[in-house]
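**Student:** My structure is in entry19.txt, and what it holds is compact mmCIF, N, CA and C atoms and all ligand atoms:
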# COMPACT_ATOMS: atom_id res chain seq x y z
N MET A 1 0.29 -48.57 79.20
CA MET A 1 1.59 -47.87 79.06
C MET A 1 2.22 -47.69 80.44
N SER A 2 3.41 -48.25 80.62
CA SER A 2 4.03 -48.18 81.94
C SER A 2 5.07 -47.07 82.03
N CYS A 3 5.12 -46.23 81.03
CA CYS A 3 6.14 -45.17 81.01
C CYS A 3 5.86 -44.12 82.10
N ILE A 4 6.85 -43.92 82.96
CA ILE A 4 6.71 -42.95 84.07
C ILE A 4 6.41 -41.55 83.54
N PHE A 5 7.12 -41.15 82.49
CA PHE A 5 6.93 -39.78 82.02
C PHE A 5 5.58 -39.60 81.32
N CYS A 6 5.07 -40.66 80.65
CA CYS A 6 3.72 -40.56 80.11
C CYS A 6 2.70 -40.42 81.25
N LYS A 7 2.97 -41.08 82.37
CA LYS A 7 2.07 -40.95 83.53
C LYS A 7 2.15 -39.54 84.10
N ILE A 8 3.33 -38.95 84.09
CA ILE A 8 3.46 -37.55 84.54
C ILE A 8 2.68 -36.63 83.61
N ILE A 9 2.78 -36.88 82.30
CA ILE A 9 2.04 -36.06 81.32
C ILE A 9 0.54 -36.14 81.60
N LYS A 10 0.06 -37.36 81.90
CA LYS A 10 -1.38 -37.55 82.13
C LYS A 10 -1.82 -37.12 83.53
N GLY A 11 -0.86 -36.78 84.37
CA GLY A 11 -1.19 -36.36 85.73
C GLY A 11 -1.41 -37.53 86.67
N GLU A 12 -1.06 -38.72 86.23
CA GLU A 12 -1.24 -39.91 87.08
C GLU A 12 -0.14 -40.01 88.14
N ILE A 13 1.00 -39.37 87.85
CA ILE A 13 2.08 -39.23 88.83
C ILE A 13 2.29 -37.72 89.01
N PRO A 14 2.34 -37.25 90.26
CA PRO A 14 2.51 -35.81 90.46
C PRO A 14 3.90 -35.33 90.05
N SER A 15 3.97 -34.07 89.63
CA SER A 15 5.26 -33.46 89.31
C SER A 15 5.16 -31.97 89.55
N LEU A 16 6.31 -31.35 89.68
CA LEU A 16 6.34 -29.89 89.81
C LEU A 16 6.57 -29.31 88.42
N LYS A 17 5.47 -28.88 87.79
CA LYS A 17 5.54 -28.44 86.39
C LYS A 17 6.03 -27.01 86.28
N LEU A 18 6.90 -26.79 85.29
CA LEU A 18 7.43 -25.45 85.02
C LEU A 18 6.78 -24.85 83.79
N PHE A 19 6.39 -25.71 82.85
CA PHE A 19 5.81 -25.24 81.58
C PHE A 19 5.05 -26.39 80.95
N GLU A 20 3.93 -26.05 80.32
CA GLU A 20 3.20 -27.08 79.58
C GLU A 20 2.54 -26.47 78.35
N SER A 21 2.64 -27.17 77.22
CA SER A 21 1.92 -26.79 76.01
C SER A 21 1.33 -28.06 75.42
N GLU A 22 0.76 -27.93 74.24
CA GLU A 22 0.15 -29.10 73.58
C GLU A 22 1.17 -30.21 73.33
N LYS A 23 2.40 -29.81 73.04
CA LYS A 23 3.42 -30.79 72.63
C LYS A 23 4.52 -31.05 73.65
N THR A 24 4.63 -30.21 74.66
CA THR A 24 5.83 -30.22 75.51
C THR A 24 5.47 -30.07 76.98
N LEU A 25 6.27 -30.72 77.83
CA LEU A 25 6.12 -30.54 79.28
C LEU A 25 7.51 -30.37 79.89
N ALA A 26 7.60 -29.46 80.84
CA ALA A 26 8.84 -29.28 81.61
C ALA A 26 8.51 -29.37 83.08
N PHE A 27 9.33 -30.11 83.83
CA PHE A 27 9.06 -30.29 85.26
C PHE A 27 10.39 -30.49 85.98
N LEU A 28 10.36 -30.33 87.30
CA LEU A 28 11.58 -30.47 88.08
C LEU A 28 11.96 -31.94 88.22
N ASP A 29 13.25 -32.21 88.13
CA ASP A 29 13.76 -33.57 88.32
C ASP A 29 13.62 -33.96 89.79
N ILE A 30 13.17 -35.19 90.02
CA ILE A 30 12.94 -35.66 91.40
C ILE A 30 14.26 -35.87 92.15
N GLY A 31 15.33 -36.04 91.41
CA GLY A 31 16.65 -36.23 92.05
C GLY A 31 17.63 -35.22 91.50
N PRO A 32 17.43 -33.94 91.85
CA PRO A 32 18.20 -32.88 91.18
C PRO A 32 19.70 -32.94 91.42
N LEU A 33 20.47 -32.68 90.37
CA LEU A 33 21.93 -32.59 90.48
C LEU A 33 22.34 -31.19 90.93
N SER A 34 21.43 -30.22 90.76
CA SER A 34 21.63 -28.87 91.30
C SER A 34 20.25 -28.26 91.45
N LYS A 35 20.16 -27.16 92.18
CA LYS A 35 18.85 -26.54 92.40
C LYS A 35 18.28 -26.06 91.06
N GLY A 36 17.05 -26.44 90.77
CA GLY A 36 16.41 -26.03 89.53
C GLY A 36 16.59 -27.02 88.39
N HIS A 37 17.27 -28.14 88.66
CA HIS A 37 17.46 -29.18 87.62
C HIS A 37 16.09 -29.60 87.09
N SER A 38 15.88 -29.39 85.80
CA SER A 38 14.57 -29.70 85.22
C SER A 38 14.70 -30.67 84.06
N LEU A 39 13.58 -31.24 83.69
CA LEU A 39 13.49 -32.16 82.56
C LEU A 39 12.48 -31.59 81.59
N ILE A 40 12.84 -31.59 80.31
CA ILE A 40 11.95 -31.07 79.28
C ILE A 40 11.68 -32.22 78.32
N ILE A 41 10.40 -32.53 78.12
CA ILE A 41 10.06 -33.72 77.33
C ILE A 41 9.01 -33.42 76.28
N PRO A 42 9.08 -34.14 75.15
CA PRO A 42 7.97 -34.09 74.20
C PRO A 42 6.83 -34.94 74.76
N LYS A 43 5.60 -34.54 74.49
CA LYS A 43 4.47 -35.36 74.93
C LYS A 43 4.35 -36.63 74.08
N PHE A 44 4.89 -36.58 72.89
CA PHE A 44 4.98 -37.75 72.01
C PHE A 44 5.89 -38.77 72.69
N HIS A 45 5.41 -40.00 72.87
CA HIS A 45 6.26 -41.01 73.50
C HIS A 45 7.24 -41.62 72.50
N GLY A 46 8.51 -41.54 72.82
CA GLY A 46 9.54 -42.21 72.05
C GLY A 46 10.72 -42.38 72.99
N ALA A 47 11.42 -43.49 72.88
CA ALA A 47 12.49 -43.79 73.84
C ALA A 47 13.74 -42.96 73.57
N LYS A 48 14.08 -42.82 72.29
CA LYS A 48 15.36 -42.19 71.94
C LYS A 48 15.16 -41.01 71.00
N LEU A 49 16.17 -40.19 70.94
CA LEU A 49 16.09 -38.95 70.16
C LEU A 49 15.58 -39.19 68.74
N HIS A 50 16.09 -40.26 68.12
CA HIS A 50 15.74 -40.50 66.71
C HIS A 50 14.31 -41.01 66.54
N ASP A 51 13.59 -41.26 67.65
CA ASP A 51 12.19 -41.68 67.58
C ASP A 51 11.21 -40.50 67.57
N ILE A 52 11.74 -39.31 67.78
CA ILE A 52 10.86 -38.14 67.99
C ILE A 52 10.77 -37.28 66.73
N PRO A 53 9.54 -36.92 66.32
CA PRO A 53 9.38 -36.06 65.14
C PRO A 53 10.08 -34.70 65.32
N ASP A 54 10.57 -34.17 64.23
CA ASP A 54 11.35 -32.93 64.28
C ASP A 54 10.60 -31.76 64.92
N ASP A 55 9.29 -31.65 64.64
CA ASP A 55 8.56 -30.51 65.19
C ASP A 55 8.49 -30.58 66.71
N GLN A 56 8.39 -31.79 67.24
CA GLN A 56 8.35 -31.97 68.69
C GLN A 56 9.72 -31.62 69.30
N LEU A 57 10.76 -32.09 68.63
CA LEU A 57 12.12 -31.81 69.14
C LEU A 57 12.42 -30.32 69.12
N ALA A 58 11.97 -29.67 68.06
CA ALA A 58 12.23 -28.23 67.93
C ALA A 58 11.59 -27.48 69.10
N GLU A 59 10.37 -27.87 69.44
CA GLU A 59 9.70 -27.16 70.55
C GLU A 59 10.37 -27.48 71.89
N VAL A 60 10.78 -28.73 72.07
CA VAL A 60 11.45 -29.10 73.32
C VAL A 60 12.70 -28.24 73.52
N LEU A 61 13.46 -28.06 72.45
CA LEU A 61 14.68 -27.26 72.57
C LEU A 61 14.37 -25.78 72.82
N SER A 62 13.32 -25.30 72.17
CA SER A 62 12.93 -23.92 72.37
C SER A 62 12.48 -23.69 73.82
N VAL A 63 11.71 -24.64 74.36
CA VAL A 63 11.26 -24.52 75.76
C VAL A 63 12.45 -24.61 76.71
N THR A 64 13.39 -25.49 76.39
CA THR A 64 14.60 -25.61 77.21
C THR A 64 15.31 -24.26 77.31
N LYS A 65 15.42 -23.61 76.18
CA LYS A 65 16.07 -22.30 76.12
C LYS A 65 15.31 -21.27 76.98
N LYS A 66 14.00 -21.27 76.85
CA LYS A 66 13.18 -20.29 77.60
C LYS A 66 13.30 -20.53 79.12
N ILE A 67 13.35 -21.78 79.53
CA ILE A 67 13.46 -22.06 80.97
C ILE A 67 14.83 -21.60 81.48
N ALA A 68 15.86 -21.86 80.70
CA ALA A 68 17.19 -21.39 81.09
C ALA A 68 17.19 -19.87 81.25
N LEU A 69 16.56 -19.18 80.32
CA LEU A 69 16.48 -17.72 80.40
C LEU A 69 15.69 -17.29 81.63
N ALA A 70 14.55 -17.97 81.87
CA ALA A 70 13.69 -17.61 83.00
C ALA A 70 14.39 -17.87 84.33
N GLN A 71 15.21 -18.90 84.39
CA GLN A 71 15.92 -19.20 85.63
C GLN A 71 17.02 -18.19 85.88
N GLY A 72 17.48 -17.55 84.82
CA GLY A 72 18.45 -16.49 84.97
C GLY A 72 19.86 -16.95 85.29
N VAL A 73 20.13 -18.24 85.10
CA VAL A 73 21.50 -18.70 85.35
C VAL A 73 22.31 -18.56 84.06
N GLN A 74 23.55 -18.19 84.23
CA GLN A 74 24.40 -17.98 83.06
C GLN A 74 25.17 -19.24 82.68
N ASN A 75 25.20 -20.19 83.59
CA ASN A 75 25.98 -21.42 83.36
C ASN A 75 25.09 -22.63 83.57
N TYR A 76 25.04 -23.46 82.57
CA TYR A 76 24.18 -24.64 82.70
C TYR A 76 24.60 -25.69 81.68
N ASN A 77 24.20 -26.95 81.97
CA ASN A 77 24.43 -28.05 81.04
C ASN A 77 23.10 -28.58 80.54
N ILE A 78 23.07 -28.95 79.26
CA ILE A 78 21.95 -29.68 78.67
C ILE A 78 22.47 -31.10 78.44
N LEU A 79 21.70 -32.06 78.96
CA LEU A 79 22.12 -33.46 78.86
C LEU A 79 20.96 -34.29 78.33
N GLN A 80 21.27 -35.18 77.41
CA GLN A 80 20.20 -36.02 76.84
C GLN A 80 20.78 -37.39 76.55
N ASN A 81 20.39 -38.39 77.35
CA ASN A 81 20.97 -39.73 77.27
C ASN A 81 20.11 -40.65 76.41
N ASN A 82 20.77 -41.51 75.63
CA ASN A 82 20.06 -42.48 74.78
C ASN A 82 20.66 -43.86 75.00
N GLY A 83 19.88 -44.74 75.64
CA GLY A 83 20.33 -46.12 75.84
C GLY A 83 20.98 -46.33 77.19
N ARG A 84 20.87 -47.57 77.68
CA ARG A 84 21.38 -47.90 79.02
C ARG A 84 22.87 -47.61 79.17
N ILE A 85 23.64 -47.99 78.13
CA ILE A 85 25.10 -47.80 78.23
C ILE A 85 25.43 -46.31 78.33
N ALA A 86 24.54 -45.50 77.78
CA ALA A 86 24.72 -44.05 77.84
C ALA A 86 23.98 -43.46 79.05
N HIS A 87 23.61 -44.31 80.02
CA HIS A 87 23.03 -43.89 81.30
C HIS A 87 21.59 -43.41 81.21
N GLN A 88 20.87 -43.85 80.17
CA GLN A 88 19.44 -43.51 80.13
C GLN A 88 18.68 -44.47 81.05
N GLU A 89 17.91 -43.90 81.99
CA GLU A 89 17.12 -44.71 82.91
C GLU A 89 15.65 -44.72 82.54
N VAL A 90 15.16 -43.61 82.03
CA VAL A 90 13.74 -43.49 81.69
C VAL A 90 13.63 -43.46 80.16
N ASP A 91 12.87 -44.43 79.63
CA ASP A 91 12.80 -44.59 78.17
C ASP A 91 11.72 -43.73 77.54
N HIS A 92 11.75 -42.47 77.85
CA HIS A 92 10.92 -41.45 77.19
C HIS A 92 11.86 -40.25 77.05
N VAL A 93 12.08 -39.84 75.81
CA VAL A 93 13.10 -38.80 75.56
C VAL A 93 12.94 -37.61 76.50
N HIS A 94 14.05 -37.20 77.09
CA HIS A 94 14.04 -36.04 77.98
C HIS A 94 15.37 -35.31 77.89
N PHE A 95 15.28 -34.00 77.97
CA PHE A 95 16.47 -33.15 78.04
C PHE A 95 16.61 -32.68 79.48
N HIS A 96 17.78 -32.93 80.06
CA HIS A 96 18.08 -32.37 81.37
C HIS A 96 18.57 -30.94 81.18
N LEU A 97 18.06 -30.03 81.99
CA LEU A 97 18.62 -28.68 82.07
C LEU A 97 19.17 -28.54 83.49
N ILE A 98 20.49 -28.49 83.58
CA ILE A 98 21.15 -28.55 84.90
C ILE A 98 21.89 -27.23 85.13
N PRO A 99 21.30 -26.36 85.96
CA PRO A 99 21.98 -25.10 86.25
C PRO A 99 23.29 -25.34 86.99
N LYS A 100 24.26 -24.51 86.71
CA LYS A 100 25.55 -24.55 87.41
C LYS A 100 25.75 -23.19 88.05
N PRO A 101 25.05 -22.94 89.16
CA PRO A 101 25.13 -21.61 89.77
C PRO A 101 26.51 -21.35 90.36
N ASN A 102 26.90 -20.08 90.34
CA ASN A 102 28.11 -19.71 91.07
C ASN A 102 27.68 -19.12 92.41
N GLU A 103 28.65 -18.79 93.26
CA GLU A 103 28.32 -18.37 94.63
C GLU A 103 27.48 -17.11 94.64
N THR A 104 27.74 -16.18 93.71
CA THR A 104 27.00 -14.91 93.75
C THR A 104 25.56 -15.09 93.28
N GLU A 105 25.29 -16.16 92.53
CA GLU A 105 23.91 -16.41 92.12
C GLU A 105 23.11 -17.05 93.26
N GLY A 106 23.83 -17.58 94.24
CA GLY A 106 23.19 -18.03 95.47
C GLY A 106 22.25 -19.20 95.35
N LEU A 107 22.41 -20.01 94.34
CA LEU A 107 21.49 -21.13 94.17
C LEU A 107 22.10 -22.47 94.61
N GLY A 108 23.41 -22.42 94.99
CA GLY A 108 24.17 -23.59 95.38
C GLY A 108 23.40 -24.83 95.42
P1 LIG B 201 18.17 -40.42 82.60
O1 LIG B 201 19.23 -41.14 83.38
O2 LIG B 201 17.16 -41.38 82.00
O3 LIG B 201 18.74 -39.46 81.59
O4 LIG B 201 17.42 -39.49 83.64
C1 LIG B 201 16.19 -39.79 84.21
C2 LIG B 201 15.88 -38.69 85.21
O5 LIG B 201 14.51 -38.80 85.56
C3 LIG B 201 16.69 -38.78 86.50
O6 LIG B 201 17.42 -37.56 86.68
C4 LIG B 201 15.63 -38.99 87.58
O7 LIG B 201 15.92 -38.28 88.77
C5 LIG B 201 14.37 -38.47 86.92
N1 LIG B 201 13.15 -39.12 87.36
C6 LIG B 201 12.92 -40.46 87.43
N2 LIG B 201 11.67 -40.70 87.87
C7 LIG B 201 11.09 -39.49 88.08
C8 LIG B 201 9.80 -39.09 88.55
O8 LIG B 201 8.92 -39.89 88.86
N3 LIG B 201 9.57 -37.75 88.64
C9 LIG B 201 10.53 -36.82 88.31
N4 LIG B 201 10.18 -35.53 88.44
N5 LIG B 201 11.74 -37.16 87.86
C10 LIG B 201 12.03 -38.48 87.75
ZN ZN B 202 6.38 -42.09 77.65
Let's see the structure in the file written out as structure tokens.
Ligand code: 5GP
Ligand code: ZN
**Tutor:**
Amino acid sequence: MSCIFCKIIKGEIPSLKLFESEKTLAFLDIGPLSKGHSLIIPKFHGAKLHDIPDDQLAEVLSVTKKIALAQGVQNYNILQNNGRIAHQEVDHVHFHLIPKPNETEGLG
């Protein structure tokens, strides 16, 4: 399996992990668009959203919500790309959580 994110799950590629459970992993994006930009993935390998079982997706979304709460930012984007034309680079489903801090939050 040459999937980068499966290698991250197995610990074969290092990552800065924020959360891990039996079904889900969250870690910091290596090329952050803002401070705290994280990726939340199901451990089940599937390239696109429609390849992932509902129970896995439900947990991924729940974890995404908890990380947003834990980061304490009030403004953020959730992004999930499917397919090259839609700018997907890594073919293992992932949700981007991209904080949009304001100046008073000091996370610029
Ligand atoms: P996509 O364009 O597929 O939605 O986003 C892929 C994301 O994965 C990019 O934001 C990229 O920075 C991130 N990424 C790619 N390779 C690695 C890696 O080895 N480690 C981490 N932490 N993030 C990665
Ligand atoms: Zn994978």
**Student:** Measuring between only N, CA and C atoms, which one of A:Ile78, A:Val73, A:Ala68, A:Leu49 shows the shortest distance to Val93 (chain A)?
**Tutor:**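 Result for the nearest residue to Val93 (chain A): A:Leu49.
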**Student:** Using all atoms listed in the file, find each residue in chain A having at least one atom no more than 7 Å away from ligand LIG 201 (chain B); report its shortest atom-to-atom pair and that distance in Å (one decimal), rows by chain then rising number, as JSON lines.
**Tutor:**
{"residue": "A:Ile4", "atom": "CA", "partner": "B:LIG201", "partner_atom": "O8", "distance": 6.1}
{"residue": "A:Phe5", "atom": "N", "partner": "B:LIG201", "partner_atom": "O8", "distance": 6.7}
{"residue": "A:Ile13", "atom": "CA", "partner": "B:LIG201", "partner_atom": "O8", "distance": 6.9}
{"residue": "A:Pro14", "atom": "C", "partner": "B:LIG201", "partner_atom": "N3", "distance": 6.3}
{"residue": "A:Ser15", "atom": "CA", "partner": "B:LIG201", "partner_atom": "N4", "distance": 5.4}
{"residue": "A:Leu16", "atom": "N", "partner": "B:LIG201", "partner_atom": "N4", "distance": 5.8}
{"residue": "A:Phe27", "atom": "C", "partner": "B:LIG201", "partner_atom": "N4", "distance": 5.6}
{"residue": "A:Leu28", "atom": "C", "partner": "B:LIG201", "partner_atom": "N4", "distance": 4.0}
{"residue": "A:Asp29", "atom": "C", "partner": "B:LIG201", "partner_atom": "N4", "distance": 4.0}
{"residue": "A:Ile30", "atom": "N", "partner": "B:LIG201", "partner_atom": "N5", "distance": 3.3}
{"residue": "A:Gly31", "atom": "N", "partner": "B:LIG201", "partner_atom": "O7", "distance": 3.5}
{"residue": "A:Pro32", "atom": "N", "partner": "B:LIG201", "partner_atom": "O7", "distance": 5.5}
{"residue": "A:Leu33", "atom": "N", "partner": "B:LIG201", "partner_atom": "O6", "distance": 6.8}
{"residue": "A:Leu79", "atom": "C", "partner": "B:LIG201", "partner_atom": "O3", "distance": 6.5}
{"residue": "A:Gln80", "atom": "C", "partner": "B:LIG201", "partner_atom": "O3", "distance": 5.8}
{"residue": "A:Asn81", "atom": "N", "partner": "B:LIG201", "partner_atom": "O3", "distance": 4.7}
{"residue": "A:Asn82", "atom": "N", "partner": "B:LIG201", "partner_atom": "O3", "distance": 6.6}
{"residue": "A:Ala86", "atom": "C", "partner": "B:LIG201", "partner_atom": "O1", "distance": 6.8}
{"residue": "A:His87", "atom": "C", "partner": "B:LIG201", "partner_atom": "O1", "distance": 3.9}
{"residue": "A:Gln88", "atom": "C", "partner": "B:LIG201", "partner_atom": "O2", "distance": 3.6}
{"residue": "A:Glu89", "atom": "N", "partner": "B:LIG201", "partner_atom": "O2", "distance": 2.6}
{"residue": "A:Val90", "atom": "N", "partner": "B:LIG201", "partner_atom": "O2", "distance": 3.0}
{"residue": "A:Asp91", "atom": "N", "partner": "B:LIG201", "partner_atom": "O2", "distance": 5.8}
{"residue": "A:His92", "atom": "N", "partner": "B:LIG201", "partner_atom": "O2", "distance": 6.9}
{"residue": "A:His94", "atom": "C", "partner": "B:LIG201", "partner_atom": "O3", "distance": 6.5}
{"residue": "A:His96", "atom": "N", "partner": "B:LIG201", "partner_atom": "O3", "distance": 6.8}
**Student:** DSSP says alpha helix (DSSP H) for which residues of chain A? Put them as a PyMOL selection string?
**Tutor:** chain A and resi 4-10+54-71
**Student:** Just want the 12 Å neighbourhood of Lys66 (chain A), counted on only C-alpha atoms, with same-chain residues fewer than 4 positions away dropped. Output as JSON, numbers by chain.
**Tutor:** {"A": [18, 19, 26, 40, 59, 60, 61, 62, 70, 71, 72, 73, 97]}
**Student:** Can you work out the spacing between CA of His37 (chain A) and atom N of Ile8 (chain A) in Å, to one decimal?
**Tutor:**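 According to the coordinates, CA of His37 (chain A) and atom N of Ile8 (chain A) are separated by 17.5 Å.
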**Student:** For a quick check of understanding, using only C-alpha atoms and all ligand atoms, which of A:Asn77, A:Ile85, A:Lys43, A:Asp55 has the smallest distance to ligand ZN 202 (chain B)?
**Tutor:**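 Looking only at the distances to ligand ZN 202 (chain B), the closest residue turns out to be A:Lys43.
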**Student:** Mind checking which residues fall within 8 Å of Gln56 (chain A), counting only C-alpha atoms, ignoring those fewer than 3 positions away in the same chain, and posting them as an MDAnalysis selection string?
**Tutor:** chainID A and resid 23:24 42 44 52:53 59:60
**Student:** If I put a ball of radius 7 Å at (23.2, -21.8, 86.5) in the file's coordinates, which residues poke into it when counting all atoms listed in the file, written as a ChimeraX atom specification?
**Tutor:** /A:72-77,98-102
**Student:** For atom C of Lys48 (chain A) and atom N of Glu20 (chain A), determine how far apart the two atoms are, in Å to one decimal place.
**Tutor:**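 These atoms are spaced 20.9 Å apart.
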**Student:** I'd like the box whose edges run along x, y and z of the file and which contains every listed atom of region 16-22 of chain A, padded by 6 Å per side; could you state its centre and edge lengths in Å, one decimal, as lines of an AutoDock Vina configuration file?
**Tutor:**
center_x = 3.8
center_y = -28.1
center_z = 81.6
size_x = 19.3
size_y = 18.5
size_z = 28.5
**Student:** What separation in Å, quoted to one decimal, exists between CA of Leu69 (chain A) and CA of Cys6 (chain A)?
**Tutor:**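 Here the two named atoms are 26.2 Å from each other.
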**Student:** Return the single residue from A:Met1, A:Ile9, A:Lys35, A:His45 that is closest to ligand ZN 202 (chain B), with distances computed using only C-alpha atoms and all ligand atoms.
**Tutor:**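 Smallest distance to ligand ZN 202 (chain B) is found for A:His45.
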**Student:** Could you tell me which of A:Ile67, A:Ala47, A:Leu25, A:Ala58 comes closest to ligand ZN 202 (chain B) if we count all atoms listed in the file?
**Tutor:**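 Residue with the minimum atom-to-atom distance to ligand ZN 202 (chain B): A:Ala47.
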**Student:** Restricting the calculation to only C-alpha atoms and all ligand atoms: of A:Gly36, A:Gly11, A:Gly83, A:Gly46, which residue gets closest to ligand ZN 202 (chain B)?
**Tutor:**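 Closest to ligand ZN 202 (chain B) of all the choices is A:Gly46.
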**Student:** I'd like to know which of A:Lys65, A:Ile41, A:Glu12, A:Lys17 is closest to ligand ZN 202 (chain B), using only C-alpha atoms and all ligand atoms.
**Tutor:**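 Result for the nearest residue to ligand ZN 202 (chain B): A:Ile41.
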